[in-house]
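Q: Mind looking over this structure? Questions follow.
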Amino acid sequence: MNHILKTSFFLGIRSALRGNRGISIMTILMMAIIYINLLFLPSIINGAIDQLTEQIIDTATSDLLIKPGENTDRIDNTEDFINNIKNIEGVDAVTSTFVLANQLGYENESKAIAVEAIDPDSYAEVFTTPGNMIEGQFLTPDSEDIFLGIGVAGADRNDIQTYNQSFQTLHSGDTVQLSIGDQATKDMIVSGIYWNQFPFSDNKALVTQEFAASLNPSLTDTATAIYVRFIDSASEQTIIDAIYSLRSDIDIETKEVLTATIQDQVETFDLINNILKIISLIVAAITVFIITYVDLVNKRRQIGIERAIGIRSSAIVISYILKALAYSIIGVAIGLLLYFLALVPYFNQHPFEFPNGDVVPSLDRADIRVNIIFLLIVAVIGAIIPAWRSVRLKILDAIWGK
Amino acid sequence: METSKTMNSKTVIQVKNLSKIYQLGKIEVPALTEVSLDIYEGDMVCIMGKSGSGKSTLLHQLGLIDTPTSGSIHIAGQDVSKFSENKKNDLRLRKLGYVFQEYALLPELTALENVYLPGLMRGAKKSEYTKKAHELLNTVGLGGREKHRPNELSGGEQQRVAIARSLINTPEIIYADEPTANLDTVSSETIMTTLHDLNKKLGVTILFVSHDPDDKKFAKRTINLQDGKIKNDDK
């Protein structure tokens, strides 16, 4: 077996190095392009999924959402509870909100809008919303203003998806009417407008908890939701267990549950991703097949001679497999270099503009490895079929080029 | 002319009732009909005959690169008709050498590599087969041309490389199918002298096909074929 492999290696390497260089270079470049194709589109789709997941966590759900338990609609004694959660190892930031009202008016129009009361300082530690302002300024703890999402204000940005559902012309400094029950309203000045580029979190209105408590003292030290962020290395389950040990009259939702709303999109992306991968792999197999087939047709006589002088058919087939593997490995190496040294830096500087924001390529190492393995497998299959067919010819037919 | 070995010599090839029929569409074309012959160790046999007489077909059957329609071939006492492809392959590699009409070198290999390739396949040590390949190229007068590729060699030189290649695994029998067909007179003489010397000095059994009556002088025995049958066997 060893000498068969040695002979295969000898024939394969000589053929690759001394055969038609143009064909060798073209094959390698084809494999490089196919590999880049295998990496690139999935990396954009992964990037879009990552961006969407990151956005939903950064602007709407955080890592953990603590909600009131089954028989209650609010969490009380939140200040102590939050302080205790902050002391749990791995917890990075905690903030609470409660829904103050559900109606907001501007000029002669009124809309159902969730108005949430927040603590501006801790809110900014948990969510990136305060950093996504396009007008005005964020709330301060003693502010009596209101902070609106672009989906509520519109801000004359008719290029934005949610413009038609918004107040459209509302800007920072304008006054809105907050409905606080029993037909009563409170005029509030818009302190600023944010745009998270994520419709789900862009249709909120935020006021401070201090101001909300001044309108309705019963809301003091209560929350309808507590949001928790933790550090990357933290164990989610350990933190959940620690929170439940603090009190049990609550429900906790993890980010997996929270991001379930985008699962349909993720599954669609994955489906597209897999279809594109299969197409790329079929193209790779066909490329190797055609190149090997053409090579073998041109070398039919040579193969006949090799067999006539005693070279085993298996050695000849393996030599073509090794050649295809060598082309694929060099192609993969060139593909990886181009991908990481050219495409990734370029698209990090010039990201794709998706409706939810800028998307940059994102790949994990497992994807890279799996794609290499798949490409090598299809290269072997692409080479083995024509090579095997060639050595099944009668020796004389091969020598005579029949 | 030297005489062939007597019946006391060891039989290296025994052919019995060998027939080969080619199927051309629905038509059957007999190329060999009931050929029987014995070849002895150290023989140098010239197979002659007109075009289409079956001489190359006979060599192909004996060289195991084609399968006869009927009959049996024994090489070194073994009935090769029943051999698997791999076993035939091993026999070709270890005991038989084949020199084709049109040089038949591998263009991507140098002269040296062409010669030692069967040695590599046999599993010999690299030092062993490269040394022997150098020696064989010297023997056929191509010392110093080891690194030349086939397209850098003349027809006669390529044929001598092919002869050197056929000898790398020290075969018992060499088949040469019209080895001088495409060569000029001088090169032809060199090739035939080379084969003759190999037979004489190394005792290798050689069967060569030729249509040139002058080549008879290199043979110890001449077999004339006509219409796929042995017309006469000049032992």
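Within each chain, counting starts at residue 1; across the structure tokens, chains are named A, B, ... in the order shown, with ligands numbered 1 upward in that order.
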Select, as a list in words, those residues of chain B with any atom no more than 6 Å from chain A (distances computed using only C-alpha atoms).

A: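 Residues satisfying the distance criterion: Ile65, Asn89, Arg92, Leu93, Glu108, Met121 and Gly123 of chain B.
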
Q: Can you list, as a list of chain:residue names, every protein, DNA or RNA residue that comes within 6 Å of Leu178 (chain A) when you count only C-alpha atoms, leaving out same-chain residues fewer than 2 positions away?

A: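 Everything that qualifies: A:Leu104, A:Thr185, A:Lys186.
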
Q: Determine, counting only C-alpha atoms, which protein, DNA and RNA residues have an atom within 12 Å of an atom of Tyr327 (chain A); residues of the same chain fewer than 4 positions away are not included. Present the result as a PyMOL selection string.

A: chain A and resi 12-13+15-17+21+23-32+35+284+287-288+291-292+320-323+331-335+375-376+379-380+383

Q: Please give the complete set of residues from chain B that DSSP, run on the backbone, assigns to strand (DSSP E or B), formatted as a PyMOL selection string.

A: chain B and resi 11-24+27-40+44-49+70-75+78-79+96-99+173-177+205-209+221-226+229-234

Q: Need the shell around region 171-175 of chain B: protein/DNA/RNA residues with any atom at most 10 Å away, counting only C-alpha atoms. Skip same-chain ones fewer than 6 positions apart. Format as a PyMOL selection string?

A: chain B and resi 12-13+39+41-45+59-60+62-63+75-76+91-100+163+195+198-199+202-209

Q: Expressed in Å to a single decimal, how great is the separation between CA of Tyr339 (chain A) and CA of Ala324 (chain A)?

A: 21.6 Å

Q: Tell me, as a list in words, which residues lie within 9 Å of Gly192 (chain A), counting only C-alpha atoms; anything in the same chain fewer than 4 positions away does not count.

A: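 Residues meeting the cut-off are Met133, Ile134, Glu135, Gly136, Gln137, Phe138, Leu139, Asp145, Ile146, Phe147, Leu148, Gly149, His171, Ser172 and Gly173 of chain A.
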
Q: Would you please extract all helix (DSSP H, G or I) residues from region 188-374 of chain A, as assigned by DSSP on the backbone, and give them as a PyMOL selection string?

A: chain A and resi 199-202+209-215+217-219+236-246+255-298+300-308+313-349+365-374

Q: For Ile66 (chain A), work out the shell of residues within 9 Å, counting only C-alpha atoms and skipping chain neighbours fewer than 6 positions away, then give it as a list in words.

A: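 Within the cut-off, the hits are Ile75, Thr224, Ala225, Ile226, Tyr227, Val228, Ile250, Asp251, Ile252 and Glu253 of chain A.
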
Q: How many Å separate CA of Glu256 (chain A) from CA of Ile45 (chain A)?

A: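 Spanning CA of Glu256 (chain A) to CA of Ile45 (chain A) is a straight-line distance of 18.8 Å.
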